[in-house]
>>> print(open('query.cif').read())   # mmCIF, C-alpha atoms, pLDDT in the B column; chains and numbers go by the auth columns
data_upload
#
loop_
_atom_site.group_PDB
_atom_site.id
_atom_site.type_symbol
_atom_site.label_atom_id
_atom_site.label_comp_id
_atom_site.label_asym_id
_atom_site.label_seq_id
_atom_site.Cartn_x
_atom_site.Cartn_y
_atom_site.Cartn_z
_atom_site.B_iso_or_equiv
_atom_site.auth_seq_id
_atom_site.auth_asym_id
ATOM 1 C CA MET A 1 47.311 185.725 55.534 60.00 14 Q
ATOM 2 C CA LEU A 2 45.809 187.618 58.462 53.00 15 Q
ATOM 3 C CA ARG A 3 49.199 187.815 60.169 63.00 16 Q
ATOM 4 C CA LYS A 4 50.576 189.668 57.147 62.00 17 Q
ATOM 5 C CA MET A 5 47.963 192.403 57.387 58.00 18 Q
ATOM 6 C CA PRO A 6 49.275 195.702 58.830 61.00 19 Q
ATOM 7 C CA ASP A 7 46.328 196.211 61.189 61.00 20 Q
ATOM 8 C CA ASN A 8 42.807 195.013 62.035 60.00 21 Q
ATOM 9 C CA ARG A 9 43.974 191.425 61.812 63.00 22 Q
ATOM 10 C CA PHE A 10 41.448 189.986 64.298 71.00 23 Q
ATOM 11 C CA ILE A 11 43.609 186.914 64.779 70.00 24 Q
ATOM 12 C CA ARG A 12 42.209 186.032 68.188 76.00 25 Q
ATOM 13 C CA GLU A 13 38.628 186.344 66.962 76.00 26 Q
ATOM 14 C CA PHE A 14 39.425 184.296 63.879 73.00 27 Q
ATOM 15 C CA GLU A 15 41.012 181.484 65.885 78.00 28 Q
ATOM 16 C CA GLU A 16 38.057 181.489 68.262 80.00 29 Q
ATOM 17 C CA LYS A 17 35.592 181.087 65.400 75.00 30 Q
ATOM 18 C CA MET A 18 37.721 178.407 63.773 78.00 31 Q
ATOM 19 C CA SER A 19 37.656 176.394 66.990 77.00 32 Q
ATOM 20 C CA GLN A 20 33.855 176.504 66.821 76.00 33 Q
ATOM 21 C CA SER A 21 33.690 175.501 63.143 80.00 34 Q
ATOM 22 C CA THR A 22 33.472 172.179 61.337 81.00 35 Q
ATOM 23 C CA VAL A 23 33.565 171.167 57.686 82.00 36 Q
ATOM 24 C CA GLU A 24 30.524 169.104 56.746 85.00 37 Q
ATOM 25 C CA HIS A 25 30.094 166.857 53.732 87.00 38 Q
ATOM 26 C CA LEU A 26 27.359 167.097 51.147 86.00 39 Q
ATOM 27 C CA GLY A 27 24.517 164.631 50.859 90.00 40 Q
ATOM 28 C CA THR A 28 22.907 162.789 47.961 89.00 41 Q
ATOM 29 C CA SER A 29 19.829 160.704 47.227 83.00 42 Q
ATOM 30 C CA ILE A 30 21.190 159.097 44.060 71.00 43 Q
ATOM 31 C CA ALA A 31 21.036 155.624 45.620 54.00 44 Q
ATOM 32 C CA GLU A 32 17.335 155.460 44.774 53.00 45 Q
ATOM 33 C CA TYR A 33 18.352 154.623 41.193 58.00 46 Q
ATOM 34 C CA ASP A 34 19.039 151.022 40.272 59.00 47 Q
ATOM 35 C CA HIS A 35 22.161 149.958 38.428 58.00 48 Q
ATOM 36 C CA SER A 36 21.486 147.887 35.331 57.00 49 Q
ATOM 37 C CA GLN A 37 23.329 144.602 35.053 59.00 50 Q
ATOM 38 C CA PRO A 38 24.658 144.305 31.492 59.00 51 Q
ATOM 39 C CA GLU A 39 25.677 140.976 30.055 55.00 52 Q
ATOM 40 C CA SER A 40 29.325 140.049 30.547 64.00 53 Q
ATOM 41 C CA SER A 41 29.770 139.855 26.773 69.00 54 Q
ATOM 42 C CA GLU A 42 28.998 143.550 26.353 86.00 55 Q
ATOM 43 C CA PRO A 43 31.789 146.146 26.103 95.00 56 Q
ATOM 44 C CA LEU A 44 33.075 147.806 29.259 96.00 57 Q
ATOM 45 C CA ARG A 45 30.947 150.909 29.867 97.00 58 Q
ATOM 46 C CA ILE A 46 33.200 153.787 30.941 98.00 59 Q
ATOM 47 C CA LEU A 47 31.868 157.026 32.437 98.00 60 Q
ATOM 48 C CA TRP A 48 33.824 160.289 32.745 98.00 61 Q
ATOM 49 C CA SER A 49 31.645 162.964 34.330 97.00 62 Q
ATOM 50 C CA ALA A 50 33.059 166.399 35.152 96.00 63 Q
ATOM 51 C CA ARG A 51 33.123 170.017 34.071 95.00 64 Q
ATOM 52 C CA TRP A 52 34.682 170.289 30.632 97.00 65 Q
ATOM 53 C CA GLU A 53 37.621 172.355 31.798 96.00 66 Q
ATOM 54 C CA HIS A 54 41.357 171.836 32.024 95.00 67 Q
ATOM 55 C CA ASP A 55 41.445 171.334 35.809 95.00 68 Q
ATOM 56 C CA LYS A 56 39.461 168.116 35.335 97.00 69 Q
ATOM 57 C CA ASN A 57 42.326 166.890 33.165 97.00 70 Q
ATOM 58 C CA PRO A 58 40.435 165.436 30.175 98.00 71 Q
ATOM 59 C CA GLU A 59 43.731 165.154 28.301 98.00 72 Q
ATOM 60 C CA ASP A 60 44.876 162.322 30.570 98.00 73 Q
ATOM 61 C CA PHE A 61 41.524 160.575 30.289 98.00 74 Q
ATOM 62 C CA PHE A 62 41.563 160.511 26.510 98.00 75 Q
ATOM 63 C CA ALA A 63 45.254 159.578 26.503 98.00 76 Q
ATOM 64 C CA ALA A 64 44.314 156.527 28.576 98.00 77 Q
ATOM 65 C CA ILE A 65 41.418 155.758 26.230 98.00 78 Q
ATOM 66 C CA ASP A 66 43.816 155.928 23.264 98.00 79 Q
ATOM 67 C CA MET A 67 46.072 153.390 24.988 98.00 80 Q
ATOM 68 C CA LEU A 68 43.103 151.167 25.822 98.00 81 Q
ATOM 69 C CA ASN A 69 41.904 151.343 22.226 98.00 82 Q
ATOM 70 C CA LYS A 70 45.241 150.004 20.992 97.00 83 Q
ATOM 71 C CA THR A 71 44.724 146.819 23.047 97.00 84 Q
ATOM 72 C CA ASP A 72 41.543 145.969 21.094 94.00 85 Q
ATOM 73 C CA THR A 73 39.596 145.991 24.359 96.00 86 Q
ATOM 74 C CA PRO A 74 35.850 146.413 23.709 96.00 87 Q
ATOM 75 C CA PHE A 75 34.475 149.502 25.451 97.00 88 Q
ATOM 76 C CA GLU A 76 31.827 152.207 25.238 98.00 89 Q
ATOM 77 C CA LEU A 77 31.996 155.776 26.510 98.00 90 Q
ATOM 78 C CA ALA A 78 29.851 158.290 28.332 98.00 91 Q
ATOM 79 C CA VAL A 79 31.568 161.675 28.541 98.00 92 Q
ATOM 80 C CA ILE A 80 29.245 164.090 30.273 98.00 93 Q
ATOM 81 C CA GLY A 81 29.481 167.404 32.067 96.00 94 Q
ATOM 82 C CA GLN A 82 28.772 171.084 31.802 94.00 95 Q
ATOM 83 C CA SER A 83 30.836 173.103 29.347 92.00 96 Q
ATOM 84 C CA PHE A 84 31.574 176.805 29.217 90.00 97 Q
ATOM 85 C CA ARG A 85 33.170 179.211 26.767 85.00 98 Q
ATOM 86 C CA ASP A 86 36.692 177.772 26.861 89.00 99 Q
ATOM 87 C CA VAL A 87 36.200 174.068 26.110 94.00 100 Q
ATOM 88 C CA PRO A 88 39.467 172.110 25.793 95.00 101 Q
ATOM 89 C CA GLU A 89 40.063 171.117 22.173 96.00 102 Q
ATOM 90 C CA ILE A 90 40.531 167.481 23.135 97.00 103 Q
ATOM 91 C CA PHE A 91 36.753 167.005 23.400 97.00 104 Q
ATOM 92 C CA ALA A 92 36.033 167.757 19.742 96.00 105 Q
ATOM 93 C CA ALA A 93 38.870 165.506 18.611 97.00 106 Q
ATOM 94 C CA ALA A 94 37.757 162.662 20.878 98.00 107 Q
ATOM 95 C CA LYS A 95 34.127 162.945 19.787 97.00 108 Q
ATOM 96 C CA GLU A 96 35.152 162.481 16.174 97.00 109 Q
ATOM 97 C CA LYS A 97 37.617 159.681 16.898 97.00 110 Q
ATOM 98 C CA TYR A 98 35.306 157.643 19.133 98.00 111 Q
ATOM 99 C CA SER A 99 31.925 158.467 17.608 97.00 112 Q
ATOM 100 C CA ASP A 100 31.125 154.766 17.224 97.00 113 Q
ATOM 101 C CA ARG A 101 31.796 154.111 20.918 97.00 114 Q
ATOM 102 C CA ILE A 102 30.100 157.148 22.474 98.00 115 Q
ATOM 103 C CA LYS A 103 26.689 156.475 24.017 97.00 116 Q
ATOM 104 C CA PHE A 104 26.258 159.692 26.027 98.00 117 Q
ATOM 105 C CA TRP A 105 27.916 163.054 25.406 98.00 118 Q
ATOM 106 C CA GLY A 106 27.722 166.563 26.833 97.00 119 Q
ATOM 107 C CA HIS A 107 25.709 168.259 29.543 96.00 120 Q
ATOM 108 C CA ILE A 108 22.726 166.357 30.951 95.00 121 Q
ATOM 109 C CA SER A 109 20.439 168.670 32.903 93.00 122 Q
ATOM 110 C CA ASP A 110 17.509 166.321 33.457 93.00 123 Q
ATOM 111 C CA PRO A 111 17.937 164.340 36.722 89.00 124 Q
ATOM 112 C CA SER A 112 16.201 161.248 35.362 89.00 125 Q
ATOM 113 C CA GLU A 113 18.460 161.206 32.292 92.00 126 Q
ATOM 114 C CA TYR A 114 21.503 161.693 34.510 93.00 127 Q
ATOM 115 C CA ALA A 115 20.376 158.724 36.590 91.00 128 Q
ATOM 116 C CA LYS A 116 20.119 156.624 33.431 91.00 129 Q
ATOM 117 C CA VAL A 117 23.737 157.361 32.598 94.00 130 Q
ATOM 118 C CA LEU A 118 24.888 156.399 36.091 93.00 131 Q
ATOM 119 C CA SER A 119 22.863 153.195 35.895 90.00 132 Q
ATOM 120 C CA TRP A 120 24.371 152.430 32.487 93.00 133 Q
ATOM 121 C CA ALA A 121 28.012 152.742 33.548 94.00 134 Q
ATOM 122 C CA ASP A 122 30.204 149.865 34.687 94.00 135 Q
ATOM 123 C CA VAL A 123 33.086 152.127 35.668 96.00 136 Q
ATOM 124 C CA PHE A 124 33.456 155.729 36.794 97.00 137 Q
ATOM 125 C CA VAL A 125 36.817 157.336 36.016 98.00 138 Q
ATOM 126 C CA SER A 126 38.304 160.531 37.392 98.00 139 Q
ATOM 127 C CA THR A 127 41.438 162.264 36.166 98.00 140 Q
ATOM 128 C CA ALA A 128 40.800 165.507 38.073 97.00 141 Q
ATOM 129 C CA MET A 129 43.570 167.799 39.266 97.00 142 Q
ATOM 130 C CA HIS A 130 41.099 169.938 41.222 95.00 143 Q
ATOM 131 C CA GLU A 131 38.096 168.781 43.211 92.00 144 Q
ATOM 132 C CA PHE A 132 36.245 170.321 46.141 89.00 145 Q
ATOM 133 C CA PHE A 133 34.375 167.162 47.116 92.00 146 Q
ATOM 134 C CA GLY A 134 33.708 164.656 44.335 92.00 147 Q
ATOM 135 C CA LEU A 135 29.927 164.358 44.376 92.00 148 Q
ATOM 136 C CA GLY A 136 29.804 162.881 40.887 92.00 149 Q
ATOM 137 C CA CYS A 137 31.999 159.917 41.781 92.00 150 Q
ATOM 138 C CA VAL A 138 30.058 159.313 45.009 94.00 151 Q
ATOM 139 C CA GLU A 139 26.774 159.332 43.092 93.00 152 Q
ATOM 140 C CA SER A 140 28.135 157.003 40.430 92.00 153 Q
ATOM 141 C CA ALA A 141 29.472 154.526 42.981 92.00 154 Q
ATOM 142 C CA LEU A 142 26.187 154.535 44.894 90.00 155 Q
ATOM 143 C CA ALA A 143 24.416 153.832 41.605 90.00 156 Q
ATOM 144 C CA GLY A 144 26.661 150.813 40.996 88.00 157 Q
ATOM 145 C CA GLY A 145 29.642 152.178 39.057 92.00 158 Q
ATOM 146 C CA TYR A 146 33.098 150.850 39.893 95.00 159 Q
ATOM 147 C CA PRO A 147 35.320 153.821 40.873 96.00 160 Q
ATOM 148 C CA ILE A 148 38.799 154.232 39.385 97.00 161 Q
ATOM 149 C CA LEU A 149 40.325 157.323 40.975 97.00 162 Q
ATOM 150 C CA PRO A 150 43.690 159.074 41.203 97.00 163 Q
ATOM 151 C CA GLN A 151 45.160 158.895 44.681 95.00 164 Q
ATOM 152 C CA ARG A 152 44.864 162.615 45.388 95.00 165 Q
ATOM 153 C CA LEU A 153 42.422 165.396 46.303 94.00 166 Q
ATOM 154 C CA ALA A 154 39.372 164.322 48.340 93.00 167 Q
ATOM 155 C CA TYR A 155 39.187 160.811 46.900 94.00 168 Q
ATOM 156 C CA PRO A 156 41.337 158.970 49.483 93.00 169 Q
ATOM 157 C CA GLU A 157 39.104 160.343 52.248 93.00 170 Q
ATOM 158 C CA LEU A 158 35.837 159.596 50.443 93.00 171 Q
ATOM 159 C CA PHE A 159 36.794 156.065 49.421 93.00 172 Q
ATOM 160 C CA ARG A 160 38.865 155.178 52.489 91.00 173 Q
ATOM 161 C CA ALA A 161 42.262 154.642 50.884 87.00 174 Q
ATOM 162 C CA ASP A 162 43.573 153.964 54.395 88.00 175 Q
ATOM 163 C CA ILE A 163 41.978 150.519 54.046 86.00 176 Q
ATOM 164 C CA GLY A 164 44.354 148.344 52.056 83.00 177 Q
ATOM 165 C CA GLU A 165 41.858 146.642 49.759 87.00 178 Q
ATOM 166 C CA ASN A 166 40.245 149.966 48.852 88.00 179 Q
ATOM 167 C CA LYS A 167 43.596 151.493 47.914 90.00 180 Q
ATOM 168 C CA ARG A 168 44.397 148.444 45.797 91.00 181 Q
ATOM 169 C CA ASP A 169 41.015 148.187 44.081 92.00 182 Q
ATOM 170 C CA PHE A 170 39.833 151.758 43.522 95.00 183 Q
ATOM 171 C CA PHE A 171 42.940 153.896 43.058 96.00 184 Q
ATOM 172 C CA TYR A 172 45.626 154.332 40.434 97.00 185 Q
ATOM 173 C CA ASP A 173 48.809 156.393 40.401 97.00 186 Q
ATOM 174 C CA GLY A 174 47.312 159.242 38.357 96.00 187 Q
ATOM 175 C CA SER A 175 49.055 158.374 35.085 98.00 188 Q
ATOM 176 C CA PRO A 176 47.236 157.623 31.797 98.00 189 Q
ATOM 177 C CA LYS A 177 49.285 154.447 31.395 98.00 190 Q
ATOM 178 C CA MET A 178 48.157 152.996 34.709 98.00 191 Q
ATOM 179 C CA LEU A 179 44.571 154.098 34.105 98.00 192 Q
ATOM 180 C CA ALA A 180 44.547 152.278 30.766 98.00 193 Q
ATOM 181 C CA LYS A 181 45.887 149.135 32.436 98.00 194 Q
ATOM 182 C CA ARG A 182 43.215 149.287 35.127 97.00 195 Q
ATOM 183 C CA LEU A 183 40.467 149.671 32.529 98.00 196 Q
ATOM 184 C CA GLU A 184 41.824 146.783 30.474 97.00 197 Q
ATOM 185 C CA LYS A 185 41.870 144.610 33.590 96.00 198 Q
ATOM 186 C CA LEU A 186 38.281 145.547 34.445 96.00 199 Q
ATOM 187 C CA ALA A 187 37.153 144.743 30.899 96.00 200 Q
ATOM 188 C CA LYS A 188 38.637 141.261 31.278 94.00 201 Q
ATOM 189 C CA ALA A 189 36.982 140.892 34.681 93.00 202 Q
ATOM 190 C CA LYS A 190 33.628 141.820 33.166 92.00 203 Q
ATOM 191 C CA LYS A 191 34.113 139.266 30.414 90.00 204 Q
ATOM 192 C CA ASN A 192 34.728 136.659 33.115 87.00 205 Q
ATOM 193 C CA GLY A 193 31.481 137.584 34.821 81.00 206 Q
ATOM 194 C CA CYS A 194 32.192 140.050 37.634 83.00 207 Q
ATOM 195 C CA ILE A 195 33.973 143.389 37.798 88.00 208 Q
ATOM 196 C CA TRP A 196 33.477 143.567 41.549 84.00 209 Q
ATOM 197 C CA ASN A 197 35.243 140.344 42.462 71.00 210 Q
ATOM 198 C CA GLY A 198 32.227 139.182 44.440 64.00 211 Q
ATOM 199 C CA SER A 199 31.697 142.318 46.562 73.00 212 Q
ATOM 200 C CA PRO A 200 29.575 144.887 44.685 73.00 213 Q
ATOM 201 C CA GLN A 201 27.968 146.079 47.921 83.00 214 Q
ATOM 202 C CA ARG A 202 31.251 147.084 49.546 87.00 215 Q
ATOM 203 C CA VAL A 203 31.429 150.594 48.096 89.00 216 Q
ATOM 204 C CA LYS A 204 27.728 151.266 48.606 87.00 217 Q
ATOM 205 C CA ASP A 205 28.037 150.358 52.280 90.00 218 Q
ATOM 206 C CA MET A 206 31.083 152.602 52.624 91.00 219 Q
ATOM 207 C CA LEU A 207 29.307 155.575 51.020 92.00 220 Q
ATOM 208 C CA LYS A 208 25.983 155.284 52.838 91.00 221 Q
ATOM 209 C CA ARG A 209 27.240 157.992 55.160 92.00 222 Q
ATOM 210 C CA PHE A 210 26.617 160.497 52.337 93.00 223 Q
ATOM 211 C CA LEU A 211 22.956 159.631 51.802 92.00 224 Q
ATOM 212 C CA TRP A 212 20.645 162.444 52.860 92.00 225 Q
ATOM 213 C CA GLU A 213 18.829 160.134 55.236 91.00 226 Q
ATOM 214 C CA ASN A 214 22.099 159.905 57.172 91.00 227 Q
ATOM 215 C CA ARG A 215 23.522 163.368 56.524 92.00 228 Q
ATOM 216 C CA ALA A 216 20.392 165.423 57.257 91.00 229 Q
ATOM 217 C CA PRO A 217 20.029 164.492 60.961 90.00 230 Q
ATOM 218 C CA LYS A 218 23.698 165.274 61.575 88.00 231 Q
ATOM 219 C CA LEU A 219 23.429 168.635 59.835 88.00 232 Q
ATOM 220 C CA ASP A 220 20.270 169.392 61.808 88.00 233 Q
ATOM 221 C CA ASP A 221 22.156 168.679 65.026 86.00 234 Q
ATOM 222 C CA LYS A 222 24.956 171.032 63.972 82.00 235 Q
ATOM 223 C CA ILE A 223 22.484 173.806 63.194 82.00 236 Q
ATOM 224 C CA GLU A 224 20.726 173.316 66.520 82.00 237 Q
ATOM 225 C CA CYS A 225 24.045 173.865 68.276 78.00 238 Q
ATOM 226 C CA LEU A 226 24.630 177.260 66.662 71.00 239 Q
#
>>> encode(input="query.cif", output="structure tokens")
Amino acid sequence: MLRKMPDNRFIREFEEKMSQSTVEHLGTSIAEYDHSQPESSEPLRILWSARWEHDKNPEDFFAAIDMLNKTDTPFELAVIGQSFRDVPEIFAAAKEKYSDRIKFWGHISDPSEYAKVLSWADVFVSTAMHEFFGLGCVESALAGGYPILPQRLAYPELFRADIGENKRDFFYDGSPKMLAKRLEKLAKAKKNGCIWNGSPQRVKDMLKRFLWENRAPKLDDKIECL
């Protein structure tokens, strides 16, 4: 964009500053909350947590839930997030349709209540088309939720899709059909006793780099170098 400016482009100065700059990740302390261990006979607990806007693609999420519902798979829902003036109509329709399955709904401002929802969930689902970082999915995974994420945006970096087993286990192709299949498979795995296939600590270990106890010293070092 600077090169298109007629004058005062400061390209050299800009490139110099860029060479001195880094992009640093956020931090979280959500790992202090314990994940509850529901009985295998209970329905699959599905969490969708995002702003209630079109760029988070709620239409695909509820399309997948509709497909899952047709398989007679037992499940419960937590659909949480902040809403603004222009709320997609799909939320009102879904609330009415799945009122008997919804356990948490809407914006949760209290941190302790938010932690309860994360601890409740078996699975965290994203359908986002826009995401700066993905703090909600990191927090959910650190709290014990199994991530099911589209292979796009920041998610492949956060959840190391370059590692074969991570790509296989935690990602889907972004379509409602594949998301529904993944959720149905996880519900069956829960019924058999273990969603995580024997390795529930794997994601937590991978995401420890985002805990404030690890992020803060690195950010302090960066600031000291300014």
>>> resolve_selection(input="query.cif", expression="the PyMOL selection byres ((chain Q and resi 195) around 12)", output="number ranges by chain")
Q: 57, 59, 77-78, 80-81, 86, 136-138, 159-163, 181-194, 196-202, 208
>>> closest_residue(input="query.cif", among="Q:Glu109, Q:Arg114, Q:Gln214, Q:Phe145", to="Leu171 of chain Q", atoms="all atoms listed in the file")
Q:Phe145
>>> closest_residue(input="query.cif", among="Q:Tyr127, Q:Asp99, Q:Glu89, Q:Gly94", to="Tyr111 of chain Q", atoms="only C-alpha atoms")
Q:Glu89
>>> atom_distance(input="query.cif", atom1="atom CA of Lys221 of chain Q", atom2="atom CA of Lys69 of chain Q")
25.5 Å
>>> closest_residue(input="query.cif", among="Q:Ser62, Q:Asn179, Q:Ser125, Q:Ser212", to="Ser139 of chain Q", atoms="all atoms listed in the file")
Q:Ser62
>>> atom_distance(input="query.cif", atom1="atom CA of Arg228 of chain Q", atom2="atom CA of Pro169 of chain Q")
19.7 Å
>>> closest_residue(input="query.cif", among="Q:Glu37, Q:Asp175, Q:Glu102, Q:Asp79", to="Trp65 of chain Q", atoms="only C-alpha atoms")
Q:Glu102
>>> atom_distance(input="query.cif", atom1="atom CA of His38 of chain Q", atom2="atom CA of Phe223 of chain Q")
7.4 Å
>>> residues_around(input="query.cif", residues="Ala63 of chain Q", least_positions_apart="5", cutoff="10 Å", atoms="all atoms listed in the file", output="PyMOL selection string")
chain Q and resi 68-71+92-96+119-120+138-141+144+147-150
>>> closest_residue(input="query.cif", among="Q:Ile115, Q:Ala167, Q:Ala107, Q:Leu60", to="Trp133 of chain Q", atoms="all atoms listed in the file")
Q:Leu60
>>> residues_around(input="query.cif", residues="Pro213 of chain Q", least_positions_apart="5", cutoff="10 Å", atoms="all atoms listed in the file", output="PyMOL selection string")
chain Q and resi 154+157-159+207-208+218
>>> axis_aligned_box(input="query.cif", around="segment 155-161 of chain Q", padding_each_side="6 Å", output="AutoDock Vina command-line options")
--center_x 31.6 --center_y 152.7 --center_z 42.0 --size_x 26.4 --size_y 15.7 --size_z 17.8
>>> resolve_selection(input="query.cif", expression="the PyMOL selection byres ((chain Q and resi 116) around 6)", output="list in words")
Leu90, Ala91, Ile115 and Phe117 of chain Q
>>> closest_residue(input="query.cif", among="Q:Val130, Q:Pro56, Q:Ser112, Q:Lys235", to="Asp85 of chain Q", atoms="only C-alpha atoms")
Q:Pro56
>>> build_atoms(input="query.cif", residues="segment 209-217 of chain Q", atoms="all heavy atoms", output="JSON list (two decimals), in the coordinates of the input")
[["chain", "number", "residue", "atom", "x", "y", "z"],
["Q", 209, "TRP", "N", 33.34, 143.27, 40.13],
["Q", 209, "TRP", "CA", 33.48, 143.57, 41.55],
["Q", 209, "TRP", "C", 34.16, 142.48, 42.35],
["Q", 209, "TRP", "O", 34.30, 142.60, 43.57],
["Q", 209, "TRP", "CB", 32.10, 143.84, 42.15],
["Q", 209, "TRP", "CG", 31.55, 145.15, 41.72],
["Q", 209, "TRP", "CD1", 30.73, 145.38, 40.64],
["Q", 209, "TRP", "CD2", 31.78, 146.42, 42.32],
["Q", 209, "TRP", "NE1", 30.43, 146.71, 40.55],
["Q", 209, "TRP", "CE2", 31.06, 147.37, 41.57],
["Q", 209, "TRP", "CE3", 32.51, 146.83, 43.42],
["Q", 209, "TRP", "CZ2", 31.06, 148.72, 41.89],
["Q", 209, "TRP", "CZ3", 32.51, 148.18, 43.75],
["Q", 209, "TRP", "CH2", 31.80, 149.10, 42.98],
["Q", 210, "ASN", "N", 34.55, 141.41, 41.74],
["Q", 210, "ASN", "CA", 35.24, 140.34, 42.46],
["Q", 210, "ASN", "C", 34.42, 139.85, 43.65],
["Q", 210, "ASN", "O", 34.94, 139.60, 44.74],
["Q", 210, "ASN", "CB", 36.63, 140.82, 42.94],
["Q", 210, "ASN", "CG", 37.50, 139.67, 43.42],
["Q", 210, "ASN", "OD1", 37.34, 138.53, 42.98],
["Q", 210, "ASN", "ND2", 38.42, 139.96, 44.33],
["Q", 211, "GLY", "N", 33.10, 139.76, 43.43],
["Q", 211, "GLY", "CA", 32.23, 139.18, 44.44],
["Q", 211, "GLY", "C", 31.74, 140.12, 45.52],
["Q", 211, "GLY", "O", 31.01, 139.70, 46.42],
["Q", 212, "SER", "N", 32.10, 141.42, 45.47],
["Q", 212, "SER", "CA", 31.70, 142.32, 46.56],
["Q", 212, "SER", "C", 31.16, 143.65, 46.05],
["Q", 212, "SER", "O", 31.71, 144.70, 46.36],
["Q", 212, "SER", "CB", 32.88, 142.56, 47.50],
["Q", 212, "SER", "OG", 33.98, 143.08, 46.78],
["Q", 213, "PRO", "N", 30.09, 143.63, 45.24],
["Q", 213, "PRO", "CA", 29.58, 144.89, 44.68],
["Q", 213, "PRO", "C", 28.97, 145.81, 45.73],
["Q", 213, "PRO", "O", 28.82, 147.01, 45.48],
["Q", 213, "PRO", "CB", 28.51, 144.41, 43.69],
["Q", 213, "PRO", "CG", 28.09, 143.08, 44.20],
["Q", 213, "PRO", "CD", 29.32, 142.47, 44.78],
["Q", 214, "GLN", "N", 28.62, 145.27, 46.90],
["Q", 214, "GLN", "CA", 27.97, 146.08, 47.92],
["Q", 214, "GLN", "C", 28.97, 146.85, 48.78],
["Q", 214, "GLN", "O", 28.59, 147.76, 49.51],
["Q", 214, "GLN", "CB", 27.11, 145.17, 48.82],
["Q", 214, "GLN", "CG", 26.15, 145.90, 49.74],
["Q", 214, "GLN", "CD", 25.10, 146.73, 49.01],
["Q", 214, "GLN", "OE1", 24.69, 146.37, 47.91],
["Q", 214, "GLN", "NE2", 24.69, 147.83, 49.61],
["Q", 215, "ARG", "N", 30.24, 146.51, 48.65],
["Q", 215, "ARG", "CA", 31.25, 147.08, 49.55],
["Q", 215, "ARG", "C", 31.31, 148.60, 49.46],
["Q", 215, "ARG", "O", 31.33, 149.30, 50.48],
["Q", 215, "ARG", "CB", 32.63, 146.49, 49.21],
["Q", 215, "ARG", "CG", 33.79, 147.12, 49.98],
["Q", 215, "ARG", "CD", 34.98, 146.19, 50.02],
["Q", 215, "ARG", "NE", 35.36, 145.73, 48.71],
["Q", 215, "ARG", "CZ", 36.47, 146.14, 48.06],
["Q", 215, "ARG", "NH1", 37.26, 147.04, 48.61],
["Q", 215, "ARG", "NH2", 36.78, 145.66, 46.89],
["Q", 216, "VAL", "N", 31.34, 149.14, 48.25],
["Q", 216, "VAL", "CA", 31.43, 150.59, 48.10],
["Q", 216, "VAL", "C", 30.14, 151.27, 48.54],
["Q", 216, "VAL", "O", 30.16, 152.32, 49.19],
["Q", 216, "VAL", "CB", 31.76, 150.97, 46.64],
["Q", 216, "VAL", "CG1", 31.54, 152.45, 46.40],
["Q", 216, "VAL", "CG2", 33.21, 150.62, 46.34],
["Q", 217, "LYS", "N", 29.00, 150.68, 48.20],
["Q", 217, "LYS", "CA", 27.73, 151.27, 48.61],
["Q", 217, "LYS", "C", 27.64, 151.37, 50.13],
["Q", 217, "LYS", "O", 27.19, 152.39, 50.67],
["Q", 217, "LYS", "CB", 26.56, 150.45, 48.06],
["Q", 217, "LYS", "CG", 26.40, 150.53, 46.55],
["Q", 217, "LYS", "CD", 25.16, 149.78, 46.10],
["Q", 217, "LYS", "CE", 24.96, 149.88, 44.61],
["Q", 217, "LYS", "NZ", 23.73, 149.21, 44.15]]
